[in-house]
$ cat query_30.cif   # mmCIF, C-alpha atoms (C1' of nucleotides)
data_input
loop_
_atom_site.label_atom_id
_atom_site.label_comp_id
_atom_site.auth_asym_id
_atom_site.auth_seq_id
_atom_site.Cartn_x
_atom_site.Cartn_y
_atom_site.Cartn_z
CA MET A 1337 102.75 122.64 79.74
CA ARG A 1338 103.87 120.07 82.25
CA ALA A 1339 106.07 120.22 85.33
CA LEU A 1340 107.90 117.50 87.23
CA GLY A 1341 108.16 117.68 91.02
CA VAL A 1342 110.93 115.70 92.71
CA ASP A 1343 111.02 114.99 96.44
CA VAL A 1344 114.47 113.74 97.40
CA GLY A 1345 115.17 110.88 99.80
CA GLY A 1346 118.26 108.85 100.57
CA ASP A 1347 119.27 105.53 99.06
CA ARG A 1348 116.61 103.65 100.89
CA LYS A 1349 113.60 105.84 100.18
CA GLY A 1350 114.69 107.02 96.76
CA LEU A 1351 112.93 109.81 94.90
CA ASP A 1352 109.24 110.64 94.70
CA LEU A 1353 108.07 111.98 91.36
CA VAL A 1354 104.84 113.81 90.54
CA LEU A 1355 104.11 115.07 87.04
CA MET A 1356 101.49 117.83 86.82
CA GLY A 1357 99.79 119.59 83.94
CA ASP A 1358 99.09 123.33 83.85
CA ASP A 1359 95.45 122.45 84.63
CA ARG A 1360 96.91 121.14 87.94
CA ALA A 1361 95.87 117.59 87.13
CA ILE A 1362 98.36 114.98 88.30
CA VAL A 1363 99.46 113.05 85.23
CA MET A 1364 101.70 110.50 86.90
CA THR A 1365 103.24 109.64 90.26
CA GLN A 1366 106.10 107.35 91.14
CA GLY A 1367 107.62 106.44 94.49
CA ARG A 1368 111.02 104.96 95.26
CA ALA A 1369 112.32 106.19 91.94
CA GLY A 1370 115.96 106.25 90.92
CA PRO A 1371 117.88 108.60 88.61
CA GLU A 1372 117.11 106.37 85.65
CA ASP A 1373 113.39 106.86 86.28
CA VAL A 1374 113.85 110.63 86.16
CA VAL A 1375 115.49 110.29 82.74
CA LEU A 1376 112.61 108.10 81.54
CA VAL A 1377 110.02 110.65 82.68
CA LEU A 1378 111.92 113.51 81.04
CA GLY A 1379 111.99 111.64 77.76
CA ARG A 1380 108.40 110.49 77.83
CA TYR A 1381 106.59 113.59 79.13
CA ARG A 1382 108.98 116.43 78.23
CA PRO A 1383 108.18 118.68 81.22
CA GLN A 1384 109.13 122.32 80.85
CA ILE A 1385 110.33 122.72 84.44
CA VAL A 1386 111.78 120.25 86.94
CA ALA A 1387 111.29 121.39 90.54
CA ILE A 1388 113.55 119.68 93.06
CA ASP A 1389 113.14 119.70 96.84
CA SER A 1390 116.85 119.78 97.66
CA PRO A 1391 119.77 122.20 97.64
CA PRO A 1392 121.79 122.16 94.41
CA ALA A 1393 125.05 122.96 96.26
CA TRP A 1394 126.62 123.10 99.73
CA ASN A 1395 126.90 126.41 101.55
CA ALA A 1396 129.93 128.56 100.76
CA GLY A 1397 131.65 128.01 104.12
CA GLY A 1398 129.25 129.35 106.75
CA ARG A 1399 126.61 127.54 108.74
CA SER A 1400 123.77 127.97 106.26
CA ARG A 1401 122.97 129.35 102.83
CA ARG A 1402 121.80 132.87 102.10
CA THR A 1403 118.49 131.58 100.72
CA GLU A 1404 117.86 129.87 104.05
CA ARG A 1405 118.63 132.98 106.05
CA LEU A 1406 116.29 134.97 103.84
CA LEU A 1407 113.55 132.44 104.52
CA ALA A 1408 114.23 132.76 108.25
CA GLU A 1409 113.59 136.51 107.96
CA LEU A 1410 110.18 135.66 106.51
CA GLY A 1411 109.51 133.42 109.51
CA ILE A 1412 109.95 130.21 107.53
CA SER A 1413 112.19 127.67 109.27
CA THR A 1414 114.53 125.51 107.22
CA PHE A 1415 116.89 122.65 107.75
CA PRO A 1416 120.16 124.41 106.89
CA THR A 1417 122.49 123.12 104.20
CA PRO A 1418 125.99 122.54 105.65
CA SER A 1419 129.34 123.25 104.00
CA LYS A 1420 130.89 120.55 101.84
CA ALA A 1421 133.16 119.45 104.69
CA ALA A 1422 130.37 119.35 107.28
CA GLY A 1423 128.06 117.62 104.82
CA ASP A 1424 130.21 114.54 104.60
CA LYS A 1425 128.10 112.63 107.14
CA PRO A 1426 125.64 109.85 106.32
CA PHE A 1427 122.84 112.02 107.59
CA PHE A 1428 123.28 114.40 104.65
CA GLY A 1429 123.21 111.65 102.06
CA TRP A 1430 119.83 112.84 100.84
CA MET A 1431 121.31 116.25 99.98
CA LYS A 1432 124.05 114.57 97.96
CA ALA A 1433 121.37 112.61 96.14
CA GLY A 1434 119.52 115.86 95.42
CA MET A 1435 122.62 117.53 94.03
CA ALA A 1436 123.12 114.49 91.80
CA VAL A 1437 119.58 115.00 90.46
CA PHE A 1438 120.39 118.63 89.60
CA THR A 1439 123.50 117.46 87.74
CA LEU A 1440 121.58 114.73 85.97
CA VAL A 1441 118.75 116.90 84.68
CA ALA A 1442 121.27 119.59 83.63
CA GLU A 1443 122.83 116.99 81.34
CA HIS A 1444 119.41 116.65 79.72
CA GLY A 1445 118.98 120.35 79.08
CA TYR A 1446 117.39 121.45 82.36
CA THR A 1447 119.87 124.09 83.50
CA LEU A 1448 119.52 125.56 86.97
CA ASP A 1449 117.37 128.68 87.07
CA THR A 1450 118.54 131.13 89.73
CA GLY A 1451 116.41 133.98 88.42
CA GLY A 1452 114.94 135.12 85.14
CA ARG A 1453 115.69 132.07 83.04
CA THR A 1454 112.84 130.90 80.83
CA GLY A 1455 112.09 127.75 78.87
CA ARG A 1456 113.40 124.37 79.87
CA ARG A 1457 115.00 124.58 83.28
CA ALA A 1458 115.38 123.23 86.82
CA ILE A 1459 114.50 125.12 90.01
CA GLU A 1460 115.04 124.52 93.70
CA VAL A 1461 111.84 124.50 95.73
CA PHE A 1462 110.87 124.03 99.37
CA PRO A 1463 107.41 122.48 99.85
CA TYR A 1464 106.98 123.94 103.33
CA ALA A 1465 107.68 127.45 102.02
CA THR A 1466 105.36 126.87 99.06
CA ALA A 1467 102.53 125.83 101.40
CA ALA A 1468 103.20 128.87 103.59
CA VAL A 1469 103.10 131.47 100.81
CA LEU A 1470 100.08 129.87 99.10
CA SER A 1471 98.07 129.77 102.35
CA GLY A 1472 99.36 133.09 103.63
CA GLY A 1473 100.61 131.63 106.89
CA LEU A 1474 102.61 128.92 108.60
CA LYS A 1475 101.07 125.61 109.61
CA PRO A 1476 98.29 126.29 112.13
CA HIS A 1477 99.03 125.08 115.66
CA GLY A 1478 97.72 121.63 116.38
CA MET A 1479 97.28 120.74 112.72
CA ARG A 1480 99.16 117.83 111.21
CA THR A 1481 101.73 118.67 108.55
CA ARG A 1482 100.21 116.34 106.04
CA ASP A 1483 96.62 117.55 106.54
CA TRP A 1484 97.74 121.14 106.16
CA ARG A 1485 99.72 120.56 102.99
CA GLU A 1486 96.98 118.49 101.37
CA ARG A 1487 94.51 121.24 102.15
CA VAL A 1488 96.77 123.80 100.50
CA LEU A 1489 96.96 121.59 97.42
CA ARG A 1490 93.17 121.20 97.22
CA ALA A 1491 92.60 124.90 97.74
CA ASN A 1492 94.81 125.47 94.71
CA GLY A 1493 93.03 123.04 92.42
CA VAL A 1494 95.06 119.87 92.97
CA ARG A 1495 93.25 116.70 93.98
CA THR A 1496 95.10 114.77 96.66
CA ASP A 1497 93.36 111.41 96.77
CA GLY A 1498 96.08 109.71 94.73
CA LEU A 1499 98.94 110.84 96.97
CA ARG A 1500 99.85 107.99 99.28
CA THR A 1501 102.64 109.41 101.45
CA LEU A 1502 103.84 112.75 102.75
CA ASP A 1503 106.74 112.51 100.32
CA GLN A 1504 104.31 112.36 97.39
CA VAL A 1505 102.39 115.31 98.81
CA ASP A 1506 105.66 117.25 98.88
CA ALA A 1507 106.51 116.21 95.33
CA ALA A 1508 103.06 117.48 94.27
CA LEU A 1509 103.73 120.80 96.01
CA ALA A 1510 107.04 120.98 94.14
CA ALA A 1511 105.28 120.36 90.83
CA LEU A 1512 102.57 122.92 91.66
CA THR A 1513 105.29 125.46 92.41
CA ALA A 1514 106.81 124.89 88.98
CA VAL A 1515 103.42 125.22 87.25
CA MET A 1516 102.85 128.58 88.95
CA VAL A 1517 106.38 129.74 88.19
CA ALA A 1518 105.72 128.98 84.53
CA GLU A 1519 102.63 131.19 84.78
CA GLY A 1520 104.84 134.06 85.93
CA ARG A 1521 104.16 133.83 89.68
CA HIS A 1522 107.58 133.72 91.27
CA THR A 1523 109.96 135.17 93.83
CA TYR A 1524 113.63 134.16 93.73
CA LEU A 1525 115.45 133.99 97.10
CA GLY A 1526 119.22 133.57 97.23
CA ASP A 1527 122.24 133.83 95.00
CA ASP A 1528 123.92 131.94 92.18
CA ALA A 1529 126.73 130.50 94.29
CA GLU A 1530 124.72 128.77 97.01
CA GLY A 1531 121.37 128.35 95.31
CA VAL A 1532 118.00 130.03 94.96
CA ILE A 1533 114.70 128.77 96.42
CA VAL A 1534 111.76 129.80 94.27
CA LEU A 1535 108.45 130.78 95.90
CA PRO A 1536 105.18 130.73 93.91
CA VAL A 1537 104.14 134.33 94.72
CA ALA A 1538 104.70 137.66 93.01
CA ALA A 1539 105.73 139.20 96.34
CA PRO A 1540 105.92 137.44 99.71
CA LEU A 1541 104.52 138.89 102.93
CA LEU A 1542 106.95 140.64 105.25
CA ARG A 1543 106.54 137.91 107.82
CA TYR A 1544 104.59 134.64 108.00
CA ARG A 1545 102.92 133.48 111.21
CA PRO A 1546 100.92 130.37 112.07
CA GLY A 1547 97.53 130.57 110.41
CA PRO A 1548 94.12 129.95 112.01
CA ARG A 1549 92.91 126.39 112.26
CA PRO A 1550 90.39 125.93 109.46
CA ALA A 1551 87.07 124.17 109.91
CA ASP A 1552 87.03 120.57 108.75
CA ASP A 1553 84.86 121.19 105.73
CA ASP A 1554 85.84 124.57 104.36
CA ASP A 1555 88.47 123.53 101.86
CA ARG A 1556 86.09 122.76 99.03
CA LEU A 1557 86.62 125.72 96.78
CA PHE A 1558 85.49 123.38 94.02
CA ARG A 1559 84.53 119.77 93.70
CA TYR A 1560 84.85 117.14 91.01
CA CYS A 1561 82.06 116.14 88.66
CA ALA A 1562 80.13 113.30 90.31
CA CYS A 1563 80.35 111.20 87.14
CA GLY A 1564 84.06 110.66 87.75
CA CYS A 1565 85.28 112.55 84.66
CA GLU A 1566 87.65 114.59 86.90
CA ARG A 1567 86.47 117.93 85.58
CA GLN A 1568 85.87 120.63 88.18
CA VAL A 1569 82.53 122.19 89.10
CA VAL A 1570 81.64 124.90 91.59
CA PRO A 1571 79.33 123.76 94.40
CA PRO A 1572 76.44 123.34 94.85
CA ARG A 1573 76.54 121.89 91.32
CA GLU A 1574 77.43 118.22 91.21
CA PHE A 1575 77.86 117.65 87.50
CA VAL A 1576 79.37 119.31 84.50
CA ARG A 1577 76.48 120.28 82.20
CA GLY A 1578 75.12 117.17 80.49
CA HIS A 1579 77.10 114.74 82.59
CA ASP A 1580 74.13 113.96 84.85
CA GLY A 1581 72.40 112.26 81.93
CA ARG A 1582 75.56 110.43 81.03
CA HIS A 1583 75.95 109.24 84.61
CA ARG A 1584 72.33 108.04 84.75
CA SER A 1585 72.71 105.98 81.58
CA MET A 1586 75.87 104.43 83.01
CA LEU A 1587 73.97 103.43 86.18
CA TRP A 1588 71.17 101.96 84.03
CA GLU A 1589 73.69 99.87 82.15
CA ARG A 1590 75.17 98.57 85.41
CA VAL A 1591 71.70 97.57 86.65
CA ARG A 1592 71.12 95.65 83.42
CA GLN A 1593 74.48 93.90 83.87
CA GLY A 1594 73.60 93.07 87.47
CA ARG A 1595 70.31 91.55 86.40
CA ARG A 1596 72.09 89.37 83.84
CA ALA A 1597 74.59 88.30 86.51
CA GLU A 1598 71.76 87.29 88.89
CA GLU A 1599 70.09 85.28 86.15
CA GLU A 1600 73.26 83.34 85.48
CA LEU A 1601 73.84 82.68 89.20
CA GLY A 1602 70.33 81.23 89.44
CA ARG A 1603 70.76 79.13 86.34
CA ARG A 1604 73.96 77.60 87.76
CA ARG A 1605 72.35 77.28 91.23
CA TRP A 1606 75.17 79.30 92.81
CA GLU A 1607 74.68 81.49 95.87
CA ARG A 1608 74.58 85.25 95.78
CA PRO A 1609 77.41 87.14 97.54
CA PRO A 1610 77.13 86.98 101.36
CA GLU A 1611 76.50 90.70 101.86
CA VAL A 1612 73.32 90.68 99.73
CA ARG A 1613 71.69 87.48 100.99
"C1'" DG B 1174 101.81 86.68 108.18
"C1'" DA B 1175 102.79 90.39 105.16
"C1'" DC B 1176 102.49 95.00 104.38
"C1'" DA B 1177 101.35 99.95 104.66
"C1'" DG B 1178 101.03 104.01 107.03
"C1'" DC B 1179 101.64 106.83 111.28
"C1'" DA B 1180 103.94 108.61 115.53
"C1'" DA B 1181 108.08 109.40 117.99
"C1'" DT B 1182 113.06 110.31 117.99
"C1'" DA B 1183 117.73 112.05 116.59
"C1'" DA B 1184 120.74 115.27 113.91
"C1'" DA B 1185 122.24 121.07 112.73
"C1'" DT B 1186 120.79 125.75 112.82
"C1'" DA B 1187 118.20 130.19 113.64
"C1'" DG B 1188 114.88 132.87 116.03
"C1'" DC B 1189 112.23 134.03 119.93
"C1'" DG B 1190 110.98 134.47 124.76
"C1'" DT B 1191 112.35 134.46 129.49
"C1'" DG B 1192 115.28 134.35 133.72
"C1'" DG B 1193 118.95 136.21 136.19
"C1'" DC C 1028 122.64 141.96 128.22
"C1'" DC C 1029 123.72 137.23 127.92
"C1'" DA C 1030 122.56 132.43 128.56
"C1'" DC C 1031 119.37 129.07 128.17
"C1'" DG C 1032 115.41 126.45 126.66
"C1'" DC C 1033 111.89 125.94 123.39
"C1'" DT C 1034 110.20 125.51 118.52
"C1'" DA C 1035 110.49 124.87 113.70
"C1'" DT C 1036 112.48 122.89 109.34
"C1'" DT C 1037 114.46 117.88 106.91
"C1'" DT C 1038 115.41 112.50 106.46
"C1'" DA C 1039 116.10 107.92 108.46
"C1'" DT C 1040 114.94 104.61 111.81
"C1'" DT C 1041 112.16 102.15 114.96
"C1'" DG C 1042 108.05 100.49 116.82
"C1'" DC C 1043 103.14 100.36 116.79
"C1'" DT C 1044 98.53 99.91 114.59
"C1'" DG C 1045 95.36 98.47 111.23
"C1'" DT C 1046 94.06 95.93 107.03
"C1'" DC C 1047 93.82 92.12 104.03
#
$ encode --input "query_30.cif" --output "structure tokens"
Amino acid sequence: MRALGVDVGGDRKGLDLVLMGDDRAIVMTQGRAGPEDVVLVLGRYRPQIVAIDSPPAWNAGGRSRRTERLLAELGISTFPTPSKAAGDKPFFGWMKAGMAVFTLVAEHGYTLDTGGRTGRRAIEVFPYATAAVLSGGLKPHGMRTRDWRERVLRANGVRTDGLRTLDQVDAALAALTAVMVAEGRHTYLGDDAEGVIVLPVAAPLLRYRPGPRPADDDDRLFRYCACGCERQVVPPREFVRGHDGRHRSMLWERVRQGRRAEEELGRRRWERPPEVR
DNA sequence: GACAGCAATAAATAGCGTGG
DNA sequence: CCACGCTATTTATTGCTGTC
């Protein structure tokens, strides 16, 4: 099973895409993507769920959508979606772009899931809300948004060292949300008319408050095999069983290559690199 | 000199705390 | 009890810093 997370930006920034497997490994990332790139990814990787960080529709005439007011009751702030008339400003261009993505993926079989739909589908997600419900609290005071969200990803089995911008971190949170929803962990907030934000929990807390500031080194619930194979191990182990021997033989081979390189440098009377002279 | 990433700022709205 | 200020969410823009 694979899921595609889409973080929506305006014309200039474009879309950020992150494709994730159900083992929470990031299969592919793409920044500054356009609608045509989304279609390419759908065709090539066939994700089951597309999770989009954007409203699929304007509000029905009020100041905000019901899903956003429900999030406010949980203590989770949102940037409210305006009505169609109020949304006609350049500032809301990114929401228009997001709605266009919903339309686009629907044309490729990913119909909007506002509750209970299974199989191939699209959902609306909110990375901030996802990070809140997965960590059990809002962003701790004094902690940077990006640090907090990356920590939440790592604590849930996603490695973050390939994510270059906050937008990619958010796209990864969107994809992670979809993976968990596919596993049956979901809460639907909202209604069909204005849209439904999906949270990756069976049941949310009554109210979320800023969490405690974690220590700098306590987010390693697991680590990756030191041989670079990207499989997970539980500390204090460093290697998947048997991979220590594999790693040692690889280092031996590199030493042999280095010796051959030194011999050739000497033969040609060329200098060694400055940092090893 | 190019380029990437980060910090600060504005925009619309809701909730919370405080002052009068 | 109401008004006001503060905080929090988002993207886009600008200016600064660091790296190569």
$ resolve_selection --input "query_30.cif" --expression "the PyMOL selection byres ((chain C) within 10 of (chain A))" --output "PyMOL selection string"
chain C and resi 1034-1039
$ residues_around --input "query_30.cif" --residues "B:DG1193" --least-positions-apart "6" --cutoff "12 Å" --atoms "only C-alpha atoms (C1' of nucleotides)" --output "PDB file with C-alpha atoms (C1' of nucleotides), in the frame of the given file"
ATOM      1  C1'  DC C1028     122.640 141.960 128.220  1.00  0.00           C
ATOM      2  C1'  DC C1029     123.720 137.230 127.920  1.00  0.00           C
ATOM      3  C1'  DA C1030     122.560 132.430 128.560  1.00  0.00           C
ATOM      4  C1'  DC C1031     119.370 129.070 128.170  1.00  0.00           C
TER       5       DC C1031
END
$ resolve_selection --input "query_30.cif" --expression "the PyMOL selection byres ((chain B and resi 1187) around 8)" --output "list in words"
Ala1408 and Ser1413 of chain A; DT1186 and DG1188 of chain B
$ write_last_selection --input "query_30.cif" --atoms "C-alpha atoms (C1' of nucleotides)" --output "mmCIF file, in the frame of the given file"
data_model
loop_
_atom_site.group_PDB
_atom_site.id
_atom_site.type_symbol
_atom_site.label_atom_id
_atom_site.label_comp_id
_atom_site.auth_asym_id
_atom_site.auth_seq_id
_atom_site.Cartn_x
_atom_site.Cartn_y
_atom_site.Cartn_z
ATOM 1 C CA ALA A 1408 114.230 132.760 108.250
ATOM 2 C CA SER A 1413 112.190 127.670 109.270
ATOM 3 C "C1'" DT B 1186 120.790 125.750 112.820
ATOM 4 C "C1'" DG B 1188 114.880 132.870 116.030
#
$ resolve_selection --input "query_30.cif" --expression "the PyMOL selection byres ((chain B) within 12 of (chain A))" --output "ChimeraX atom specification"
/B:1177-1180,1183-1189
$ residues_near_point --input "query_30.cif" --point "(94.6, 93.4, 112.8)" --cutoff "12 Å" --atoms "only C-alpha atoms (C1' of nucleotides)" --output "list in words"
DG1174, DA1175 and DC1176 of chain B; DC1043, DT1044, DG1045, DT1046 and DC1047 of chain C
$ atom_distance --input "query_30.cif" --atom1 "atom CA of A:Pro1392" --atom2 "atom CA of A:Gly1367"
21.2 Å
$ residues_around --input "query_30.cif" --residues "A:Ala1518" --least-positions-apart "6" --cutoff "10 Å" --atoms "all atoms listed in the file" --output "list in words"
Met1337, Arg1338, Ala1339, Asp1358, Gln1384, Ile1385, Thr1454, Gly1455, Leu1512 and Pro1536 of chain A
